[in-house]
Amino acid sequence: MKKLVFIFMILCLAFHLGGQTYQSEKLEKLWETTGLSVPESVLPVPEEGILYVSNIGSTNSSAKDNTGFISILSVDGEIKTLEWATGLNAPKGMAISNDKLYVTEVDHITEIDLATGKKVNSWPVEGAVFLNDVAAHASGVIYFTDSRTGKVHKLENEVVSTVIQEEGFPNVNGIVALDKKLLIGTGDRVVKYYLETGEVKDYMLNTGGVDGLAKVGKGVILFSDWPGKVHIMKSGEEKELLLDTSGTEKSKTADFGYIADKQLVFIPTFFANSVVCYKLKL
C-alpha cells in the first residue's frame with residue numbers, strides 16, 4: 001500500500017512539474033508550429049491560405065529595440081517566411097485594409113505594404129503606452145486599443161484620433177469591427193460601441209480578461225485570456241472553458257486568429273514560441 005501511495009505521489013509531482021492543461025472535447029488539436037519568437041497575434045487570410053503572425057522578438061512586450069517581426073505561415077502550419085517584415089518594436093495586433101497590413105508598435109500604428117513586407121507609414125499616437133489589438137472596418141477605418149490607458153483610437157485618412165476614453169474600461173484589448181459597431185473586450189466584459197452614435201453598451205459580463213476576440217455565431221463569442229485560458233460565451237449565459245494552459249510555465253493564449261467557415265482557431269502561445277491550431281466543434 002505504501003508503495004502505491006509513493007508511486008501516486010511521484011506521478012502527481014511529475015504532472016505538476018510538467019504543467020497542468022485542460023482541453024474541452026469541443027476543441028481538437030490539429031497541429032503546432034514551433035520556432036517563432038514570442039508570437040503575440042495571428043491574422044488569417046483564408047483566401048490566400050496563409051497566416052500572418054506578429055513576433056515580439058523579446059521577453060519585454062514594450063521593448064523598442066527593433067527586434068520584432070512578422071512571419072507568414074500556411075494554414076497547415078508550415079513556416080513560409082519566418083522574418084517577412086522586420087525591424088518592428090514589439091508588434092502585436094494586426095489588420096488588413098486596401099492591400100496594407102496595419103500593426104501596433106507600442107506607441108505607433110504602422111502600415112506595411114503586403115507586396116513587399118516593407119514599412120510605408122507609421123503614425124505616433126499621443127499619450128500611447130501599450131497599443132494592442134487592431135480591427136479594420138469595411139469603410140477603411142482602422143481601430144486599435146491601448147491596454148494601459150483604456151483608450152480606443154482610430155486611423156482615418158492618415159489621421160489618428162481617440163474615439164473612446166472610458167473610465168472603468170481597464171485593460172482594453174480585443175476588438176472586432178462589424179457593420180455598424182465594434183465589439184471591444186476589457187478586463188471584465190465585452191461591450192458594443194455603436195459607430196454612428198458613439199454609444200457604449202455592455203454586451204457580455206464577467207468574462208475576465210479578453211485578449212483575442214471573435215464572433216462565432218449569433219450572440220456567441222470566443223475569447224482568450226492571456227495567462228492561458230480560452231472561453232466561449234453566449235449572450236445571457238455563463239462563459240464555458242474550452243482550454244486552460246495557465247498551469248504551464250510558458251504556454252499562454254494571446255491574440256488568436258479565427259477562420260469562421262472552417263471553425264479553425266490559431267493560438268499564439270507567447271513564451272512557448274509556437275502557434276497551435278485547433279478545430280472548434282460547436
# chains A, B, ... in the order shown; residues from 1 in each chain; ligands from 1

$ select_by_dssp --residues "segment 205-257 of chain A" --states "strand (DSSP E)" --output "JSON, numbers by chain"
{"A": [205, 213, 214, 215, 216, 217, 220, 221, 222, 223, 224, 225, 229, 230, 231, 232, 233, 234, 240, 241, 242, 243, 244, 257]}

$ residues_around --residues "segment 246-263 of chain A" --least-positions-apart "5" --cutoff "7 Å" --atoms "only C-alpha atoms" --output "PDB file with C-alpha atoms, in the first residue's frame"
ATOM      1  CA  GLY A  19       2.253  21.694 -16.201  1.00  0.00           C
ATOM      2  CA  GLN A  20      -1.466  21.086 -15.982  1.00  0.00           C
ATOM      3  CA  THR A  21      -3.618  21.697 -19.031  1.00  0.00           C
ATOM      4  CA  GLU A  40       1.511  37.582 -29.892  1.00  0.00           C
ATOM      5  CA  SER A  41      -1.112  37.735 -32.635  1.00  0.00           C
ATOM      6  CA  VAL A  42      -2.320  35.623 -35.576  1.00  0.00           C
ATOM      7  CA  LEU A  43      -4.158  37.107 -38.559  1.00  0.00           C
ATOM      8  CA  PRO A  44      -5.573  34.549 -41.018  1.00  0.00           C
ATOM      9  CA  PRO A  46      -8.221  32.412 -45.736  1.00  0.00           C
ATOM     10  CA  ASP A 211      -7.135  39.272 -25.414  1.00  0.00           C
ATOM     11  CA  GLY A 212      -8.208  37.503 -28.598  1.00  0.00           C
ATOM     12  CA  ALA A 214     -14.057  36.621 -32.326  1.00  0.00           C
ATOM     13  CA  VAL A 216     -18.543  32.779 -33.831  1.00  0.00           C
ATOM     14  CA  SER A 224      -8.887  34.259 -24.811  1.00  0.00           C
ATOM     15  CA  ASP A 225      -7.365  35.457 -21.569  1.00  0.00           C
ATOM     16  CA  TRP A 226      -3.582  35.848 -21.957  1.00  0.00           C
ATOM     17  CA  PRO A 227      -2.444  33.769 -18.925  1.00  0.00           C
ATOM     18  CA  GLY A 228      -3.725  30.634 -20.670  1.00  0.00           C
ATOM     19  CA  LYS A 229      -7.492  30.369 -20.985  1.00  0.00           C
ATOM     20  CA  PRO A 268      -0.087  32.122 -30.395  1.00  0.00           C
ATOM     21  CA  THR A 269       1.471  30.737 -27.222  1.00  0.00           C
ATOM     22  CA  PHE A 270       3.773  33.700 -26.466  1.00  0.00           C
ATOM     23  CA  PHE A 271       6.653  32.382 -24.318  1.00  0.00           C
ATOM     24  CA  ALA A 272       6.273  28.845 -25.726  1.00  0.00           C
ATOM     25  CA  LYS A 279     -10.724  22.740 -34.688  1.00  0.00           C
ATOM     26  CA  LEU A 280     -13.694  24.218 -32.812  1.00  0.00           C
TER      27      LEU A 280
END

$ residues_around --residues "Ala135 of chain A" --least-positions-apart "6" --cutoff "12 Å" --atoms "only C-alpha atoms" --output "mmCIF file with N, CA and C atoms, in the first residue's frame"
data_model
loop_
_atom_site.group_PDB
_atom_site.id
_atom_site.type_symbol
_atom_site.label_atom_id
_atom_site.label_comp_id
_atom_site.auth_asym_id
_atom_site.auth_seq_id
_atom_site.Cartn_x
_atom_site.Cartn_y
_atom_site.Cartn_z
ATOM 1 N N LEU A 43 -3.162 36.545 -37.648
ATOM 2 C CA LEU A 43 -4.158 37.107 -38.559
ATOM 3 C C LEU A 43 -4.291 36.185 -39.770
ATOM 4 N N LYS A 92 2.118 43.757 -32.179
ATOM 5 C CA LYS A 92 1.035 42.976 -31.576
ATOM 6 C C LYS A 92 -0.104 42.799 -32.576
ATOM 7 N N GLY A 93 -1.252 43.467 -32.354
ATOM 8 C CA GLY A 93 -2.414 43.246 -33.201
ATOM 9 C C GLY A 93 -2.197 43.661 -34.640
ATOM 10 N N MET A 94 -2.940 42.996 -35.550
ATOM 11 C CA MET A 94 -2.816 43.272 -36.980
ATOM 12 C C MET A 94 -4.182 43.263 -37.648
ATOM 13 N N ALA A 95 -4.275 44.011 -38.763
ATOM 14 C CA ALA A 95 -5.476 44.002 -39.590
ATOM 15 C C ALA A 95 -5.079 44.419 -40.998
ATOM 16 N N ILE A 96 -5.867 43.982 -41.981
ATOM 17 C CA ILE A 96 -5.583 44.296 -43.381
ATOM 18 C C ILE A 96 -6.684 45.180 -43.947
ATOM 19 N N SER A 97 -6.265 46.208 -44.692
ATOM 20 C CA SER A 97 -7.202 47.085 -45.394
ATOM 21 C C SER A 97 -6.506 47.656 -46.621
ATOM 22 N N LEU A 101 -1.058 46.105 -44.494
ATOM 23 C CA LEU A 101 -1.172 45.480 -43.186
ATOM 24 C C LEU A 101 -0.913 46.540 -42.125
ATOM 25 N N TYR A 102 -1.805 46.644 -41.166
ATOM 26 C CA TYR A 102 -1.652 47.605 -40.073
ATOM 27 C C TYR A 102 -1.327 46.835 -38.792
ATOM 28 N N VAL A 103 -0.304 47.300 -38.084
ATOM 29 C CA VAL A 103 0.154 46.617 -36.880
ATOM 30 C C VAL A 103 0.519 47.660 -35.821
ATOM 31 N N THR A 104 0.223 47.330 -34.564
ATOM 32 C CA THR A 104 0.592 48.237 -33.472
ATOM 33 C C THR A 104 2.031 47.975 -33.031
ATOM 34 N N ILE A 109 1.055 53.258 -34.747
ATOM 35 C CA ILE A 109 0.312 52.354 -35.614
ATOM 36 C C ILE A 109 1.029 52.402 -36.970
ATOM 37 N N VAL A 141 -11.498 52.439 -42.151
ATOM 38 C CA VAL A 141 -11.020 52.994 -40.884
ATOM 39 C C VAL A 141 -10.380 51.875 -40.058
ATOM 40 N N ILE A 142 -9.239 52.171 -39.457
ATOM 41 C CA ILE A 142 -8.517 51.216 -38.617
ATOM 42 C C ILE A 142 -8.729 51.594 -37.160
ATOM 43 N N TYR A 143 -9.247 50.664 -36.369
ATOM 44 C CA TYR A 143 -9.465 50.886 -34.944
ATOM 45 C C TYR A 143 -8.453 50.066 -34.145
ATOM 46 N N PHE A 144 -7.951 50.630 -33.033
ATOM 47 C CA PHE A 144 -6.970 49.897 -32.239
ATOM 48 C C PHE A 144 -7.027 50.343 -30.786
ATOM 49 N N THR A 145 -6.596 49.460 -29.892
ATOM 50 C CA THR A 145 -6.747 49.664 -28.450
ATOM 51 C C THR A 145 -5.415 49.963 -27.779
ATOM 52 N N VAL A 152 -9.537 53.698 -26.980
ATOM 53 C CA VAL A 152 -9.634 53.116 -28.313
ATOM 54 C C VAL A 152 -9.402 54.250 -29.309
ATOM 55 N N HIS A 153 -8.476 54.038 -30.228
ATOM 56 C CA HIS A 153 -8.130 55.046 -31.229
ATOM 57 C C HIS A 153 -8.565 54.583 -32.613
ATOM 58 N N LYS A 154 -8.523 55.516 -33.552
ATOM 59 C CA LYS A 154 -8.760 55.139 -34.941
ATOM 60 C C LYS A 154 -7.786 55.886 -35.848
ATOM 61 N N LEU A 155 -7.495 55.252 -36.975
ATOM 62 C CA LEU A 155 -6.703 55.864 -38.035
ATOM 63 C C LEU A 155 -7.628 56.018 -39.239
ATOM 64 N N ASN A 173 -8.514 45.524 -24.818
ATOM 65 C CA ASN A 173 -7.618 44.778 -25.692
ATOM 66 C C ASN A 173 -8.343 44.314 -26.949
ATOM 67 N N GLY A 174 -8.941 43.122 -26.931
ATOM 68 C CA GLY A 174 -9.524 42.541 -28.134
ATOM 69 C C GLY A 174 -10.592 43.429 -28.765
ATOM 70 N N ILE A 175 -10.554 43.529 -30.105
ATOM 71 C CA ILE A 175 -11.509 44.391 -30.805
ATOM 72 C C ILE A 175 -11.906 43.741 -32.133
ATOM 73 N N VAL A 176 -13.194 43.812 -32.444
ATOM 74 C CA VAL A 176 -13.746 43.256 -33.681
ATOM 75 C C VAL A 176 -14.607 44.323 -34.337
ATOM 76 N N ALA A 177 -14.413 44.556 -35.632
ATOM 77 C CA ALA A 177 -15.208 45.539 -36.364
ATOM 78 C C ALA A 177 -16.327 44.832 -37.124
ATOM 79 N N LEU A 178 -17.554 45.182 -36.809
ATOM 80 C CA LEU A 178 -18.726 44.679 -37.524
ATOM 81 C C LEU A 178 -19.281 45.804 -38.389
ATOM 82 N N LYS A 181 -21.002 48.532 -35.692
ATOM 83 C CA LYS A 181 -20.500 48.602 -34.313
ATOM 84 C C LYS A 181 -19.176 47.885 -34.176
ATOM 85 N N LEU A 182 -18.540 48.130 -33.041
ATOM 86 C CA LEU A 182 -17.342 47.407 -32.644
ATOM 87 C C LEU A 182 -17.667 46.557 -31.422
ATOM 88 N N LEU A 183 -17.065 45.381 -31.347
ATOM 89 C CA LEU A 183 -17.060 44.611 -30.104
ATOM 90 C C LEU A 183 -15.693 44.822 -29.482
ATOM 91 N N ILE A 184 -15.661 45.177 -28.210
ATOM 92 C CA ILE A 184 -14.410 45.520 -27.545
ATOM 93 C C ILE A 184 -14.328 44.787 -26.210
ATOM 94 N N GLY A 212 -7.598 37.801 -27.309
ATOM 95 C CA GLY A 212 -8.208 37.503 -28.598
ATOM 96 C C GLY A 212 -9.719 37.523 -28.484
ATOM 97 N N LEU A 213 -10.398 37.928 -29.565
ATOM 98 C CA LEU A 213 -11.857 38.034 -29.548
ATOM 99 C C LEU A 213 -12.387 37.761 -30.943
ATOM 100 N N ALA A 214 -13.428 36.910 -31.041
ATOM 101 C CA ALA A 214 -14.057 36.621 -32.326
ATOM 102 C C ALA A 214 -15.537 36.356 -32.117
#

$ residues_around --residues "Gly208 of chain A" --least-positions-apart "2" --cutoff "6 Å" --atoms "only C-alpha atoms" --output "count of residues only"
3

$ closest_residue --among "A:Ile221, A:Val159, A:Val210, A:Ala90" --to "Asn66 of chain A" --atoms "only C-alpha atoms"
A:Ala90

$ atom_distance --atom1 "atom CA of Leu73 of chain A" --atom2 "atom CA of Tyr52 of chain A"
6.5 Å

$ atom_distance --atom1 "atom CA of Gly57 of chain A" --atom2 "atom CA of Phe69 of chain A"
6.9 Å

$ closest_residue --among "A:Thr110, A:Asn55, A:Ser24, A:Thr162" --to "Glu126 of chain A" --atoms "only C-alpha atoms"
A:Thr162

$ residues_around --residues "segment 198-200 of chain A" --least-positions-apart "5" --cutoff "9 Å" --atoms "only C-alpha atoms" --output "ChimeraX atom specification"
/A:163-164,191-193
